[in-house]
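Quick notes on the structure that follows.
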Amino acid sequence: NLVLFMGACMNPPHLAIVTSLCKGNTLYTYIHARRDKFTINRTTLVAQQISQGMGYLHARGIHHKDLRTKNIFLENGKVIITDFGLFSSTKLLYCEMGLGVPNGWLCYLAPELMRALMPVKPTEEILPFSKTSDVYSFGTVWYELLCGEFPFKSQPPESVIWQVGRGMKQTLANLQTSRDVKDILMHCWSFQADDRPDFAKLLSLLERLPKKRLARSPSHPVQLSRSAESVF
């Protein structure tokens, strides 16, 4: 589930990492650009692979820091997680009016990260990234897979910052799915970092979700046999 490093150049100023080529599209492309509709079975399978990959990273002490659909690729049904460990708040764009943020980026920030944002450019990392902040980000990815849109859609950045910073969550009233699916989302979005599950627990919860079976065609032999039995 991970991009494997193939090599690196460590001779300044020629610094580079060489990785295998990913020929698939990002989840962002599938969800927000192509507007593909994911079945619950496909959604769960993708989420399981993300959980496996993130569990692998966390087991090796690596925090992703920027887990979002633009950094997750799908190639022949296989999830590939990219750009892990590279993000820093010092790379954010600042101007005279304050902090500029990419569309949808704020939705991935856990409350403790949101509350640490500053209107002026920091000289060093100020955001307390952790394994649990990665789990919060996964919750947003899970929401995108389920709903096909970002949480707090069309709301201004200052509104999102205020709501998330105070522990408010995107309402799930219009999400037509099972209680178990919604519970996973709410656990990931817990205000207290310690209340969020790790990726091993998430994988276990995802694997327990019931699989939706395809409805049989009326012409299926089983249906015919049942029809015959009902006559007699």
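In the structure tokens, the first chain shown is A, the next is B, and so on; residue numbers restart at 1 for each chain, and ligands run from 1 in the order shown.
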A:Ser137: which residues within 10 Å, counting only C-alpha atoms, same-chain residues fewer than 2 positions away excluded, as a PDB file with N, CA, C and O atoms, in the first residue's frame?
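Generated output (result.pdb):
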ATOM      1  N   HIS A  64       2.267  11.111   8.895  1.00  0.00           N
ATOM      2  CA  HIS A  64       2.093  11.590   7.527  1.00  0.00           C
ATOM      3  C   HIS A  64       2.065  13.114   7.475  1.00  0.00           C
ATOM      4  O   HIS A  64       2.714  13.741   6.653  1.00  0.00           O
ATOM      5  N   LYS A  65       1.283  13.753   8.344  1.00  0.00           N
ATOM      6  CA  LYS A  65       1.123  15.206   8.475  1.00  0.00           C
ATOM      7  C   LYS A  65       0.225  15.837   7.414  1.00  0.00           C
ATOM      8  O   LYS A  65      -0.235  16.959   7.597  1.00  0.00           O
ATOM      9  N   ASP A  66      -0.008  15.161   6.298  1.00  0.00           N
ATOM     10  CA  ASP A  66      -0.800  15.769   5.224  1.00  0.00           C
ATOM     11  C   ASP A  66      -1.633  14.711   4.508  1.00  0.00           C
ATOM     12  O   ASP A  66      -1.686  14.679   3.280  1.00  0.00           O
ATOM     13  N   LEU A  67      -2.271  13.841   5.290  1.00  0.00           N
ATOM     14  CA  LEU A  67      -3.088  12.787   4.701  1.00  0.00           C
ATOM     15  C   LEU A  67      -4.377  13.391   4.153  1.00  0.00           C
ATOM     16  O   LEU A  67      -5.194  13.926   4.893  1.00  0.00           O
ATOM     17  N   ARG A  68      -4.548  13.328   2.866  1.00  0.00           N
ATOM     18  CA  ARG A  68      -5.749  13.843   2.198  1.00  0.00           C
ATOM     19  C   ARG A  68      -5.884  13.156   0.848  1.00  0.00           C
ATOM     20  O   ARG A  68      -4.956  12.473   0.384  1.00  0.00           O
ATOM     21  N   THR A  69      -7.026  13.334   0.210  1.00  0.00           N
ATOM     22  CA  THR A  69      -7.292  12.587  -1.023  1.00  0.00           C
ATOM     23  C   THR A  69      -6.346  12.956  -2.157  1.00  0.00           C
ATOM     24  O   THR A  69      -6.173  12.167  -3.087  1.00  0.00           O
ATOM     25  N   TRP A 105      -8.337  22.180   2.447  1.00  0.00           N
ATOM     26  CA  TRP A 105      -7.237  21.745   3.322  1.00  0.00           C
ATOM     27  C   TRP A 105      -7.604  21.802   4.794  1.00  0.00           C
ATOM     28  O   TRP A 105      -7.247  20.913   5.580  1.00  0.00           O
ATOM     29  N   LEU A 106      -8.333  22.821   5.210  1.00  0.00           N
ATOM     30  CA  LEU A 106      -8.665  22.984   6.626  1.00  0.00           C
ATOM     31  C   LEU A 106      -9.474  21.812   7.168  1.00  0.00           C
ATOM     32  O   LEU A 106      -9.392  21.496   8.362  1.00  0.00           O
ATOM     33  N   CYS A 107     -10.243  21.163   6.319  1.00  0.00           N
ATOM     34  CA  CYS A 107     -11.111  20.072   6.770  1.00  0.00           C
ATOM     35  C   CYS A 107     -10.330  18.869   7.295  1.00  0.00           C
ATOM     36  O   CYS A 107     -10.891  18.025   8.002  1.00  0.00           O
ATOM     37  N   TYR A 108      -9.065  18.787   6.959  1.00  0.00           N
ATOM     38  CA  TYR A 108      -8.247  17.667   7.411  1.00  0.00           C
ATOM     39  C   TYR A 108      -7.552  17.948   8.739  1.00  0.00           C
ATOM     40  O   TYR A 108      -6.955  17.037   9.323  1.00  0.00           O
ATOM     41  N   LEU A 109      -7.587  19.180   9.214  1.00  0.00           N
ATOM     42  CA  LEU A 109      -6.847  19.555  10.415  1.00  0.00           C
ATOM     43  C   LEU A 109      -7.618  19.202  11.678  1.00  0.00           C
ATOM     44  O   LEU A 109      -8.774  19.603  11.853  1.00  0.00           O
ATOM     45  N   ALA A 110      -6.970  18.483  12.587  1.00  0.00           N
ATOM     46  CA  ALA A 110      -7.563  18.163  13.874  1.00  0.00           C
ATOM     47  C   ALA A 110      -7.707  19.438  14.703  1.00  0.00           C
ATOM     48  O   ALA A 110      -7.001  20.431  14.465  1.00  0.00           O
ATOM     49  N   THR A 132      -2.489  10.738  16.110  1.00  0.00           N
ATOM     50  CA  THR A 132      -3.920  10.990  16.254  1.00  0.00           C
ATOM     51  C   THR A 132      -4.415  12.077  15.304  1.00  0.00           C
ATOM     52  O   THR A 132      -5.576  12.052  14.886  1.00  0.00           O
ATOM     53  N   SER A 133      -3.546  13.027  14.937  1.00  0.00           N
ATOM     54  CA  SER A 133      -3.968  14.027  13.946  1.00  0.00           C
ATOM     55  C   SER A 133      -4.074  13.387  12.565  1.00  0.00           C
ATOM     56  O   SER A 133      -4.910  13.790  11.743  1.00  0.00           O
ATOM     57  N   ASP A 134      -3.258  12.365  12.293  1.00  0.00           N
ATOM     58  CA  ASP A 134      -3.405  11.601  11.046  1.00  0.00           C
ATOM     59  C   ASP A 134      -4.741  10.864  11.023  1.00  0.00           C
ATOM     60  O   ASP A 134      -5.390  10.758   9.977  1.00  0.00           O
ATOM     61  N   VAL A 135      -5.162  10.353  12.180  1.00  0.00           N
ATOM     62  CA  VAL A 135      -6.444   9.646  12.267  1.00  0.00           C
ATOM     63  C   VAL A 135      -7.595  10.610  11.981  1.00  0.00           C
ATOM     64  O   VAL A 135      -8.554  10.262  11.291  1.00  0.00           O
ATOM     65  N   GLY A 139     -10.438  10.511   8.943  1.00  0.00           N
ATOM     66  CA  GLY A 139     -11.878  10.684   9.073  1.00  0.00           C
ATOM     67  C   GLY A 139     -12.453  11.532   7.959  1.00  0.00           C
ATOM     68  O   GLY A 139     -13.518  11.228   7.409  1.00  0.00           O
ATOM     69  N   THR A 140     -11.738  12.593   7.583  1.00  0.00           N
ATOM     70  CA  THR A 140     -12.194  13.446   6.493  1.00  0.00           C
ATOM     71  C   THR A 140     -12.151  12.702   5.158  1.00  0.00           C
ATOM     72  O   THR A 140     -13.062  12.838   4.332  1.00  0.00           O
ATOM     73  N   VAL A 141     -11.109  11.910   4.943  1.00  0.00           N
ATOM     74  CA  VAL A 141     -11.033  11.090   3.723  1.00  0.00           C
ATOM     75  C   VAL A 141     -12.217  10.114   3.676  1.00  0.00           C
ATOM     76  O   VAL A 141     -12.845   9.926   2.626  1.00  0.00           O
ATOM     77  N   TRP A 142     -12.535   9.515   4.811  1.00  0.00           N
ATOM     78  CA  TRP A 142     -13.667   8.591   4.918  1.00  0.00           C
ATOM     79  C   TRP A 142     -14.970   9.304   4.572  1.00  0.00           C
ATOM     80  O   TRP A 142     -15.817   8.776   3.858  1.00  0.00           O
ATOM     81  N   TYR A 143     -15.118  10.543   5.059  1.00  0.00           N
ATOM     82  CA  TYR A 143     -16.308  11.341   4.762  1.00  0.00           C
ATOM     83  C   TYR A 143     -16.396  11.628   3.256  1.00  0.00           C
ATOM     84  O   TYR A 143     -17.474  11.531   2.657  1.00  0.00           O
ATOM     85  N   CYS A 188     -13.086   9.047  14.667  1.00  0.00           N
ATOM     86  CA  CYS A 188     -11.913   9.692  14.056  1.00  0.00           C
ATOM     87  C   CYS A 188     -11.911  11.190  14.330  1.00  0.00           C
ATOM     88  O   CYS A 188     -10.845  11.797  14.505  1.00  0.00           O
ATOM     89  N   TRP A 189     -13.089  11.787  14.366  1.00  0.00           N
ATOM     90  CA  TRP A 189     -13.217  13.233  14.558  1.00  0.00           C
ATOM     91  C   TRP A 189     -13.371  13.627  16.028  1.00  0.00           C
ATOM     92  O   TRP A 189     -13.816  14.736  16.325  1.00  0.00           O
TER      93      TRP A 189
END
Residue list (alpha helix (DSSP H), DSSP) for stretch 33-218 of chain A, as a PyMOL selection string: chain A and resi 40-59+111-114+131-147+157-165+179-188+199-207
Non-local contacts of stretch 48-51 of chain A (7 Å; only C-alpha atoms; under 5 positions in same chain excluded) as a PyMOL selection string: chain A and resi 1+79+199+202-203+206
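The gap separating atom CA of A:Asn25 from atom CA of A:Leu113 is 28.4 Å, in Å to one decimal.
Reported to one decimal place, the separation of atom CA of A:Asp180 from atom CA of A:Gly104 is 25.5 Å.
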Which neighbours of A:Pro210 fall inside 10 Å, counting only C-alpha atoms, when residues of the same chain fewer than 3 positions from it are skipped, and could you give them as a ChimeraX atom specification? /A:40-41,44,178,180-181,206-207,213
Writing out the chosen residues with N, CA and C atoms as a PDB file, in the first residue's frame:
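Ended up saving to result_10.pdb:
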ATOM      1  N   ILE A  40     -20.552   1.303  -1.249  1.00  0.00           N
ATOM      2  CA  ILE A  40     -20.088   1.157   0.127  1.00  0.00           C
ATOM      3  C   ILE A  40     -19.023   0.076   0.226  1.00  0.00           C
ATOM      4  N   ASN A  41     -19.129  -0.976  -0.611  1.00  0.00           N
ATOM      5  CA  ASN A  41     -18.117  -2.026  -0.596  1.00  0.00           C
ATOM      6  C   ASN A  41     -16.767  -1.497  -1.079  1.00  0.00           C
ATOM      7  N   THR A  44     -15.313   0.930   1.525  1.00  0.00           N
ATOM      8  CA  THR A  44     -14.741   0.214   2.672  1.00  0.00           C
ATOM      9  C   THR A  44     -13.404  -0.412   2.317  1.00  0.00           C
ATOM     10  N   SER A 178     -25.296   3.179   7.536  1.00  0.00           N
ATOM     11  CA  SER A 178     -25.525   2.515   8.818  1.00  0.00           C
ATOM     12  C   SER A 178     -24.889   3.283   9.973  1.00  0.00           C
ATOM     13  N   ASP A 180     -22.919   2.048  12.197  1.00  0.00           N
ATOM     14  CA  ASP A 180     -21.520   1.647  12.344  1.00  0.00           C
ATOM     15  C   ASP A 180     -20.601   2.506  11.489  1.00  0.00           C
ATOM     16  N   VAL A 181     -21.040   2.821  10.282  1.00  0.00           N
ATOM     17  CA  VAL A 181     -20.246   3.651   9.375  1.00  0.00           C
ATOM     18  C   VAL A 181     -20.087   5.058   9.950  1.00  0.00           C
ATOM     19  N   LEU A 206     -13.438  -1.474  10.314  1.00  0.00           N
ATOM     20  CA  LEU A 206     -13.794  -1.483   8.897  1.00  0.00           C
ATOM     21  C   LEU A 206     -14.044  -2.903   8.400  1.00  0.00           C
ATOM     22  N   GLU A 207     -13.250  -3.844   8.884  1.00  0.00           N
ATOM     23  CA  GLU A 207     -13.398  -5.232   8.450  1.00  0.00           C
ATOM     24  C   GLU A 207     -14.692  -5.855   8.987  1.00  0.00           C
ATOM     25  N   ARG A 213     -24.638  -6.995  -0.532  1.00  0.00           N
ATOM     26  CA  ARG A 213     -24.725  -7.934  -1.641  1.00  0.00           C
ATOM     27  C   ARG A 213     -25.512  -7.324  -2.795  1.00  0.00           C
TER      28      ARG A 213
END
I need the residue nearest A:Asn103 from this list: A:Leu146, A:Leu127, A:Ile81, A:Val160. Use only C-alpha atoms for the distance. A:Val160
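Each of A:Asp183, A:Leu15, A:Val46, A:Ile126 was compared to A:Gly77 using only C-alpha atoms, and A:Val46 turns out to be the nearest.
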Please determine, counting only C-alpha atoms, which residue among A:Thr82, A:Arg196, A:Leu175, A:Gln155 has the shortest atom-to-atom distance to A:Tyr136. A:Arg196
Residues near A:Lys70, anyone? I mean within 7 Å using only C-alpha atoms, not counting same-chain ones fewer than 5 positions away, as a PDB file with N, CA, C and O atoms, in the first residue's frame.
ATOM      1  N   THR A  26      -5.504  10.229  -8.370  1.00  0.00           N
ATOM      2  CA  THR A  26      -5.695  10.446  -6.945  1.00  0.00           C
ATOM      3  C   THR A  26      -7.169  10.236  -6.580  1.00  0.00           C
ATOM      4  O   THR A  26      -8.059  10.351  -7.427  1.00  0.00           O
ATOM      5  N   LEU A  27      -7.406   9.975  -5.302  1.00  0.00           N
ATOM      6  CA  LEU A  27      -8.781   9.890  -4.830  1.00  0.00           C
ATOM      7  C   LEU A  27      -9.495  11.213  -5.057  1.00  0.00           C
ATOM      8  O   LEU A  27     -10.692  11.242  -5.335  1.00  0.00           O
ATOM      9  N   TYR A  28      -8.753  12.313  -4.940  1.00  0.00           N
ATOM     10  CA  TYR A  28      -9.339  13.638  -5.182  1.00  0.00           C
ATOM     11  C   TYR A  28      -9.910  13.710  -6.605  1.00  0.00           C
ATOM     12  O   TYR A  28     -11.013  14.217  -6.809  1.00  0.00           O
TER      13      TYR A  28
END
A:Arg42 proximity check over A:Ala16, A:Leu145, A:Leu117, A:Ile80, using only C-alpha atoms: winner is A:Leu145
